[in-house]
Every structure is written in structure tokens, then in C-alpha cells.
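Enquirer: This is the structure I have questions about; it appears just below.
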Amino acid sequence: MRFYAAEEIEAALDYPRLVAALREAFATHDEPMPVRGAFEVGTPDAPGHLLTMPAWKRGEAIGTKLVTVFPNNSAHGLGAVGSLYALFDGLTGQPRAVMEGDALTNRRTAAASALAASFLARPDSHTLLLVGTGHVAAQLAQAHRAVRPIERVLVWGRRGDKAEALAAAIGAGGMEARAVSDLAAAVAEADIVSCATTSTAPLVKGADVRPGTHVDLVGAFNPAMRESDDALVQRAEVFVDTRAGALAEAGDLLQPLRAGLWSAEALRADLHDLARGRHPGRRTAEEITLFKSVGAALEDLAAARLVVGN
């Protein structure tokens, strides 16, 4: 058994290979995986949660991601989230590897968005808008460029200095990129809007999205959070990573659902359906498509197996 550091994980998971691995996993994995487990493990002075995300492919591989969320860690000079991934042999149950969890999560999350975009974004999508400036947002430009001919990247963040820094980093990688301050105008200009934030209030609004746009909602991962407004969910053809996960955790969908403004029957398909050809994805050049992800343990397993060379 060995430990894989972040640099090794990033080097192993180039986006064309990772997107292909996720497509294969969603197309061939038949057994339902558990929805993420969450446990309150903190104290009154240091609230904390433990998240568990197991997945397996019988006879081949077993894995689980362990994530801790301690919101007050800034007082200790630490990030709020810590994670590790453990991979086991599927025949013997013996440990094979332990991996740094953040790098694995960031890259598989961006790759899942790219996989969805390969079905849902227009083939001629050239302009990508990134909403958010965190670690996942920093991966999304490369990921989307692996499946669509992205030539220009716009970056919006609540802090202009962070948007400028991310745009500069993307530009250094060979893409035209610039920070923007007018979010509504940037949404109207984009072919793909990719949003990766921890917002609890809508950022991307249906009134600003032009026909033919693909909206990729990555960040809001619990029922209290959202990145889109009700109008966008009502206007769009809605797709998700997994039905069980999204309908349990995605505030972007649960909030309009509970308000009686959207119905779960309007959910068109998940990544299993798209990868298996049970739904064609985008059907017209004019429709607005929306992909909502909350994260699936199957993605972690597929990525971890690539890292170890399986």
C-alpha cells in the first residue's frame, strides 16, 4: 500500500482520460451506491461533521472517501475541509492505496461537469464563464476545454482580486481569460456558465441566460445552498449527476420543488442515462440545459483507479 500526494494525483488525471473513465463508469456500473453519509462529530466550541462516500465494483475495487468539515478551523490557520481517499482490492479487501482527497475531488468534480457538457453544451461553445474562484473553479476551464472548443474564459468572483488572479492563471495556461465585474452581462455572453461557489442565494438568473446556453452548477451541495434562481430551473432542461443524490441534497432543485415551482418529474436524466444512451442530451440549439451535481462516490472510485493504474 502506498500514499499518493496531490501532485501525483493531478499528474495521473489528465482530463481526456478522466472524462472517458467517468463515462465508462456511469455507462457500466449497475449497482446503486449509497448517498453520502453525514455525521455530527464536533463539540460546542468546535462544531464538525464527518462525511463518508463509499463505492465499489464487485470483484474489482472498493473505495471510500472520508471528509471532515470543521467551519471554525480558520482560528487555527487551517482550512475547513480535510479529506482522504482509501482504495481496497475488490477480491481480497486488502488496502491498495491512500490518497490526498482534495486533489482527487477537485479533478473528478470538474471532469463530471465536462462529461455532462459533452452531452449538453452546444458543439460550437467557445465562451466559458466561471462563477467562483476556488479550487474547483480553477479546474473547470481545463476540463470543459477537453470536450468543447473553449477559446475565451470569463471569470467572476465576489472578490475582484481573486477573479483577476484566476484569470491570470488560466491565461498562463494558454487560454484567453479575463476577470469581469458585471455578472449578468457575462452570463448573457457565455455559451457555458460553470458555477462553483458556496452561495446560499441565486447568482445565475434565468432572465439573464440566453437560449442555447448550458449552465453547469457545481458548488451548492446541500439543501440550504443554491446558485440559480427558480426562473432558470423552470426555463431549463434539467439534468443531474445522480437522481438519488441530487433529489436528496441539491438546494437548486429542492427549493423550487418545495415551493411548488418545479417537479421532480421534470428532471430529464442523470449521467447514467446519458452515458448509456437512454437520453440524447441536448436536442435543439436553442434550449437551455442545466446540469446540477452534488458529487457521486462512483466518480471518486473511477478516478482513484486511474491514479493507481487500474
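Here's how to read the names in the C-alpha cells: chain A, B, ... by the order shown, residue numbers from 1 in each chain, ligand numbers from 1 in the order shown.
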Considering only C-alpha atoms, give me a table of residues in region 73-114 of chain A that are at most 12 Å from region 181-205 of chain A, with the closest atom pair and distance in Å for each, as a tab-separated table.

Expert:
residue	atom	partner	partner_atom	distance
A:Asn106	CA	A:Ala196	CA	10.8
A:Thr109	CA	A:Ala196	CA	10.1
A:Ala110	CA	A:Ala196	CA	9.7
A:Ala112	CA	A:Ser194	CA	12.0
A:Ser113	CA	A:Ser194	CA	8.4
A:Ala114	CA	A:Ser194	CA	10.0

Enquirer: Residues of region 191-268 of chain A within 9 Å of region 35-40 of chain A: nearest atom pair and distance (Å, one decimal) for each, counting only C-alpha atoms, sorted by chain and number, as a Markdown table?

Expert:
| residue | atom | partner | partner_atom | distance |
| --- | --- | --- | --- | --- |
| A:Ala244 | CA | A:Val35 | CA | 7.0 |
| A:Gly245 | CA | A:Val35 | CA | 5.9 |
| A:Ala248 | CA | A:Val35 | CA | 8.2 |

Enquirer: Please produce a file of those selected residues containing N, CA and C atoms, as a PDB file, in the first residue's frame.

Expert:
ATOM      1  N   ALA A 244     -30.623  10.096  -7.098  1.00  0.00           N
ATOM      2  CA  ALA A 244     -30.768   9.956  -5.648  1.00  0.00           C
ATOM      3  C   ALA A 244     -30.026  11.070  -4.926  1.00  0.00           C
ATOM      4  N   GLY A 245     -28.812  11.361  -5.336  1.00  0.00           N
ATOM      5  CA  GLY A 245     -28.032  12.400  -4.677  1.00  0.00           C
ATOM      6  C   GLY A 245     -28.624  13.785  -4.866  1.00  0.00           C
ATOM      7  N   ALA A 248     -31.819  14.481  -2.998  1.00  0.00           N
ATOM      8  CA  ALA A 248     -31.644  14.496  -1.540  1.00  0.00           C
ATOM      9  C   ALA A 248     -30.903  15.734  -1.066  1.00  0.00           C
TER      10      ALA A 248
END

Enquirer: Residues within 10 Å of Ser263 (chain A), please, as an mmCIF file with N, CA, C and O atoms, in the first residue's frame. Count only C-alpha atoms; anything in the same chain fewer than 5 positions from it doesn't count.

Expert:
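Heads up, here's the output in around07.cif:
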data_model
loop_
_atom_site.group_PDB
_atom_site.id
_atom_site.type_symbol
_atom_site.label_atom_id
_atom_site.label_comp_id
_atom_site.auth_asym_id
_atom_site.auth_seq_id
_atom_site.Cartn_x
_atom_site.Cartn_y
_atom_site.Cartn_z
ATOM 1 N N GLN A 234 -36.943 26.609 -14.020
ATOM 2 C CA GLN A 234 -38.188 26.438 -14.766
ATOM 3 C C GLN A 234 -37.965 26.513 -16.277
ATOM 4 O O GLN A 234 -38.632 25.813 -17.039
ATOM 5 N N LEU A 253 -32.507 22.524 -6.750
ATOM 6 C CA LEU A 253 -33.711 21.824 -7.182
ATOM 7 C C LEU A 253 -34.714 21.668 -6.047
ATOM 8 O O LEU A 253 -35.932 21.791 -6.266
ATOM 9 N N LEU A 254 -34.239 21.406 -4.843
ATOM 10 C CA LEU A 254 -35.153 21.155 -3.730
ATOM 11 C C LEU A 254 -35.928 22.404 -3.329
ATOM 12 O O LEU A 254 -37.104 22.314 -2.949
ATOM 13 N N PRO A 256 -37.002 25.124 -5.276
ATOM 14 C CA PRO A 256 -38.182 25.322 -6.131
ATOM 15 C C PRO A 256 -39.161 24.158 -6.068
ATOM 16 O O PRO A 256 -40.376 24.353 -6.232
ATOM 17 N N LEU A 257 -38.655 22.948 -5.800
ATOM 18 C CA LEU A 257 -39.543 21.799 -5.656
ATOM 19 C C LEU A 257 -40.481 21.997 -4.469
ATOM 20 O O LEU A 257 -41.701 21.809 -4.570
ATOM 21 N N ARG A 258 -39.922 22.396 -3.331
ATOM 22 C CA ARG A 258 -40.738 22.586 -2.132
ATOM 23 C C ARG A 258 -41.663 23.778 -2.246
ATOM 24 O O ARG A 258 -42.707 23.820 -1.580
#

Enquirer: Within 8 Å of Asp270 (chain A), counting only C-alpha atoms, which residues qualify if same-chain residues fewer than 4 places away don't, as a list in words?

Expert: Phe239, Val240, Asp241, Thr242, Arg243 and Leu274 of chain A

Enquirer: Skip Gly281 (chain A) itself and residues of its chain fewer than 4 positions away, then list as a count of residues only all residues within 10 Å of it, counting only C-alpha atoms.

Expert: 17

Enquirer: Determine the nearest neighbour of Ala25 (chain A) from the options A:Leu166, A:Leu301, A:Leu261, A:Val308, counting only C-alpha atoms.

Expert: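 Comparing A:Leu166, A:Leu301, A:Leu261, A:Val308 against Ala25 (chain A), the winner is A:Leu301.
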
Enquirer: Can you list, as a compact mmCIF listing (two decimals) with all heavy atoms, in the first residue's frame, every protein, DNA or RNA residue that comes within 8 Å of region 167-172 of chain A when you count only C-alpha atoms, leaving out same-chain residues fewer than 5 positions away?

Expert:
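So the final result, stored in out.txt, reads:
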# COMPACT_ATOMS: atom_id res chain seq x y z
N ALA A 138 -10.94 26.62 -10.43
CA ALA A 138 -9.66 26.67 -11.11
C ALA A 138 -9.45 25.48 -12.05
O ALA A 138 -8.63 25.56 -12.98
CB ALA A 138 -8.53 26.73 -10.08
N ALA A 141 -11.96 25.23 -16.30
CA ALA A 141 -11.62 25.68 -17.66
C ALA A 141 -10.92 24.57 -18.43
O ALA A 141 -11.27 24.26 -19.58
CB ALA A 141 -10.76 26.93 -17.59
N VAL A 153 -12.33 32.60 -21.72
CA VAL A 153 -12.84 32.33 -20.38
C VAL A 153 -13.05 33.65 -19.66
O VAL A 153 -12.14 34.49 -19.59
CB VAL A 153 -11.87 31.45 -19.57
CG1 VAL A 153 -12.45 31.16 -18.18
CG2 VAL A 153 -11.57 30.15 -20.31
N LEU A 154 -14.26 33.84 -19.12
CA LEU A 154 -14.59 34.98 -18.29
C LEU A 154 -14.64 34.49 -16.84
O LEU A 154 -15.14 33.39 -16.58
CB LEU A 154 -15.94 35.58 -18.68
CG LEU A 154 -16.14 35.89 -20.17
CD1 LEU A 154 -17.56 36.39 -20.42
CD2 LEU A 154 -15.12 36.90 -20.67
N VAL A 155 -14.15 35.29 -15.92
CA VAL A 155 -14.09 34.88 -14.51
C VAL A 155 -14.76 35.94 -13.65
O VAL A 155 -14.36 37.12 -13.69
CB VAL A 155 -12.64 34.67 -14.03
CG1 VAL A 155 -12.64 34.19 -12.59
CG2 VAL A 155 -11.90 33.69 -14.93
N ALA A 177 -8.28 34.77 -21.19
CA ALA A 177 -9.09 34.84 -19.98
C ALA A 177 -9.05 36.25 -19.41
O ALA A 177 -8.01 36.91 -19.46
CB ALA A 177 -8.59 33.85 -18.94
N ARG A 178 -10.17 36.69 -18.86
CA ARG A 178 -10.22 37.99 -18.20
C ARG A 178 -11.27 37.98 -17.09
O ARG A 178 -12.26 37.25 -17.16
CB ARG A 178 -10.52 39.12 -19.20
CG ARG A 178 -11.88 39.05 -19.86
CD ARG A 178 -12.06 40.21 -20.86
NE ARG A 178 -13.29 40.09 -21.61
CZ ARG A 178 -14.47 40.61 -21.22
NH1 ARG A 178 -14.55 41.26 -20.06
NH2 ARG A 178 -15.55 40.46 -21.96
N ALA A 179 -11.02 38.77 -16.08
CA ALA A 179 -11.98 38.93 -14.99
C ALA A 179 -13.07 39.90 -15.42
O ALA A 179 -12.83 40.83 -16.20
CB ALA A 179 -11.27 39.45 -13.75

Enquirer: Can you pull out the residues contacting Val233 (chain A)? Cut-off 8 Å, using only C-alpha atoms, and skip same-chain residues under 5 positions away; I want them as a PyMOL selection string.

Expert: chain A and resi 206+228+238+252-253+256+262+290

Enquirer: Selected residues, N, CA and C atoms, written as a JSON list (two decimals), in the first residue's frame, please.

Expert:
[["chain", "number", "residue", "atom", "x", "y", "z"],
["A", 206, "GLY", "N", -32.36, 33.17, -14.41],
["A", 206, "GLY", "CA", -32.97, 32.77, -15.67],
["A", 206, "GLY", "C", -33.16, 33.91, -16.64],
["A", 228, "SER", "N", -28.65, 29.10, -8.53],
["A", 228, "SER", "CA", -29.58, 29.50, -9.58],
["A", 228, "SER", "C", -30.89, 29.96, -8.96],
["A", 238, "VAL", "N", -33.44, 20.06, -17.25],
["A", 238, "VAL", "CA", -32.61, 19.81, -16.06],
["A", 238, "VAL", "C", -32.06, 18.38, -16.07],
["A", 252, "ASP", "N", -30.57, 23.82, -5.29],
["A", 252, "ASP", "CA", -31.03, 24.44, -6.54],
["A", 252, "ASP", "C", -32.31, 23.80, -7.05],
["A", 253, "LEU", "N", -32.51, 22.52, -6.75],
["A", 253, "LEU", "CA", -33.71, 21.82, -7.18],
["A", 253, "LEU", "C", -34.71, 21.67, -6.05],
["A", 256, "PRO", "N", -37.00, 25.12, -5.28],
["A", 256, "PRO", "CA", -38.18, 25.32, -6.13],
["A", 256, "PRO", "C", -39.16, 24.16, -6.07],
["A", 262, "TRP", "N", -41.40, 23.67, -9.33],
["A", 262, "TRP", "CA", -40.72, 22.70, -10.18],
["A", 262, "TRP", "C", -41.10, 21.32, -9.69],
["A", 290, "LEU", "N", -29.38, 22.58, -18.07],
["A", 290, "LEU", "CA", -28.84, 22.82, -16.74],
["A", 290, "LEU", "C", -28.39, 21.48, -16.17]]

Enquirer: What is the CA of Ala266 (chain A)-CA of Ala236 (chain A) distance in Å, reported with one decimal?

Expert: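 Between these atoms lies a distance of 9.7 Å.
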
Enquirer: With DSSP run on the backbone, what are the strand (DSSP E or B) residues within region 104-288 of chain A? I'd like them as a PyMOL selection string.

Expert: chain A and resi 127-131+152-156+176-179+192-195+204+214-217+228+237-240+267-270

Enquirer: Print the selection's residues with N, CA, C and O atoms to a file, as a short mmCIF file (atom, residue, chain, number, x, y, z; two decimals), in the first residue's frame.

Expert:
data_model
loop_
_atom_site.label_atom_id
_atom_site.label_comp_id
_atom_site.auth_asym_id
_atom_site.auth_seq_id
_atom_site.Cartn_x
_atom_site.Cartn_y
_atom_site.Cartn_z
N THR A 127 -17.25 30.30 -25.52
CA THR A 127 -17.04 31.19 -24.38
C THR A 127 -17.54 30.54 -23.10
O THR A 127 -18.71 30.15 -23.01
N LEU A 128 -16.65 30.43 -22.12
CA LEU A 128 -16.96 29.83 -20.82
C LEU A 128 -16.92 30.92 -19.76
O LEU A 128 -15.94 31.68 -19.68
N LEU A 129 -17.95 30.99 -18.93
CA LEU A 129 -17.96 31.87 -17.77
C LEU A 129 -17.79 31.03 -16.52
O LEU A 129 -18.56 30.11 -16.27
N LEU A 130 -16.78 31.36 -15.72
CA LEU A 130 -16.59 30.74 -14.42
C LEU A 130 -17.13 31.66 -13.35
O LEU A 130 -16.71 32.82 -13.27
N VAL A 131 -18.04 31.16 -12.54
CA VAL A 131 -18.59 31.92 -11.43
C VAL A 131 -18.02 31.28 -10.16
O VAL A 131 -18.38 30.16 -9.80
N ARG A 152 -12.30 31.33 -25.01
CA ARG A 152 -12.30 32.51 -24.14
C ARG A 152 -12.95 32.15 -22.81
O ARG A 152 -13.99 31.50 -22.78
N VAL A 153 -12.33 32.60 -21.72
CA VAL A 153 -12.84 32.33 -20.38
C VAL A 153 -13.05 33.65 -19.66
O VAL A 153 -12.14 34.49 -19.59
N LEU A 154 -14.26 33.84 -19.12
CA LEU A 154 -14.59 34.98 -18.29
C LEU A 154 -14.64 34.49 -16.84
O LEU A 154 -15.14 33.39 -16.58
N VAL A 155 -14.15 35.29 -15.92
CA VAL A 155 -14.09 34.88 -14.51
C VAL A 155 -14.76 35.94 -13.65
O VAL A 155 -14.36 37.12 -13.69
N TRP A 156 -15.75 35.52 -12.88
CA TRP A 156 -16.41 36.42 -11.93
C TRP A 156 -16.27 35.86 -10.52
O TRP A 156 -16.45 34.65 -10.30
N GLU A 176 -7.33 32.48 -23.61
CA GLU A 176 -7.68 33.88 -23.37
C GLU A 176 -8.61 33.95 -22.17
O GLU A 176 -9.62 33.24 -22.11
N ALA A 177 -8.28 34.77 -21.19
CA ALA A 177 -9.09 34.84 -19.98
C ALA A 177 -9.05 36.25 -19.41
O ALA A 177 -8.01 36.91 -19.46
N ARG A 178 -10.17 36.69 -18.86
CA ARG A 178 -10.22 37.99 -18.20
C ARG A 178 -11.27 37.98 -17.09
O ARG A 178 -12.26 37.25 -17.16
N ALA A 179 -11.02 38.77 -16.08
CA ALA A 179 -11.98 38.93 -14.99
C ALA A 179 -13.07 39.90 -15.42
O ALA A 179 -12.83 40.83 -16.20
N ILE A 192 -21.26 28.55 -22.11
CA ILE A 192 -21.32 27.67 -20.94
C ILE A 192 -21.09 28.51 -19.71
O ILE A 192 -20.14 29.30 -19.66
N VAL A 193 -21.98 28.39 -18.73
CA VAL A 193 -21.81 29.06 -17.43
C VAL A 193 -21.52 27.96 -16.41
O VAL A 193 -22.35 27.08 -16.20
N SER A 194 -20.35 28.01 -15.80
CA SER A 194 -19.96 26.99 -14.83
C SER A 194 -19.79 27.67 -13.48
O SER A 194 -18.93 28.53 -13.30
N CYS A 195 -20.61 27.25 -12.52
CA CYS A 195 -20.72 27.95 -11.24
C CYS A 195 -20.26 27.03 -10.12
O CYS A 195 -20.81 25.94 -9.94
N VAL A 204 -26.83 32.94 -10.69
CA VAL A 204 -27.16 32.85 -12.12
C VAL A 204 -28.68 32.85 -12.24
O VAL A 204 -29.35 31.96 -11.72
N HIS A 214 -25.60 26.43 -21.90
CA HIS A 214 -25.51 25.30 -20.96
C HIS A 214 -25.05 25.85 -19.62
O HIS A 214 -24.02 26.54 -19.54
N VAL A 215 -25.79 25.56 -18.55
CA VAL A 215 -25.47 26.02 -17.20
C VAL A 215 -25.03 24.82 -16.37
O VAL A 215 -25.76 23.83 -16.26
N ASP A 216 -23.85 24.94 -15.77
CA ASP A 216 -23.23 23.87 -15.01
C ASP A 216 -23.13 24.33 -13.56
O ASP A 216 -22.37 25.23 -13.23
N LEU A 217 -23.94 23.73 -12.67
CA LEU A 217 -23.99 24.14 -11.27
C LEU A 217 -23.27 23.11 -10.41
O LEU A 217 -23.74 22.00 -10.23
N SER A 228 -28.65 29.10 -8.53
CA SER A 228 -29.58 29.50 -9.58
C SER A 228 -30.89 29.96 -8.96
O SER A 228 -31.22 29.59 -7.83
N GLU A 237 -33.88 22.63 -19.37
CA GLU A 237 -33.95 21.17 -19.36
C GLU A 237 -32.95 20.71 -18.30
O GLU A 237 -31.74 20.95 -18.43
N VAL A 238 -33.44 20.06 -17.25
CA VAL A 238 -32.61 19.81 -16.06
C VAL A 238 -32.06 18.38 -16.07
O VAL A 238 -32.79 17.41 -16.27
N PHE A 239 -30.74 18.29 -15.84
CA PHE A 239 -30.02 17.02 -15.75
C PHE A 239 -29.19 17.03 -14.46
O PHE A 239 -28.85 18.09 -13.95
N VAL A 240 -28.85 15.85 -13.94
CA VAL A 240 -28.11 15.76 -12.68
C VAL A 240 -27.04 14.67 -12.80
O VAL A 240 -27.05 13.88 -13.74
N LEU A 267 -37.22 16.36 -14.24
CA LEU A 267 -35.80 16.01 -14.35
C LEU A 267 -35.64 15.06 -15.54
O LEU A 267 -36.23 13.98 -15.57
N ARG A 268 -34.82 15.47 -16.49
CA ARG A 268 -34.75 14.72 -17.75
C ARG A 268 -33.92 13.43 -17.66
O ARG A 268 -34.32 12.40 -18.19
N ALA A 269 -32.74 13.51 -17.01
CA ALA A 269 -31.86 12.35 -16.99
C ALA A 269 -30.71 12.61 -16.05
O ALA A 269 -30.45 13.75 -15.65
N ASP A 270 -30.00 11.53 -15.68
CA ASP A 270 -28.75 11.68 -14.92
C ASP A 270 -27.60 11.16 -15.78
O ASP A 270 -27.79 10.77 -16.95
#

Enquirer: Which of region 121-290 of chain A end up as alpha helix (DSSP H) when DSSP is run on this backbone - answer as number ranges by chain?

Expert: A: 137-145, 160-172, 183-189, 230-235, 243-249, 251-258, 271-275
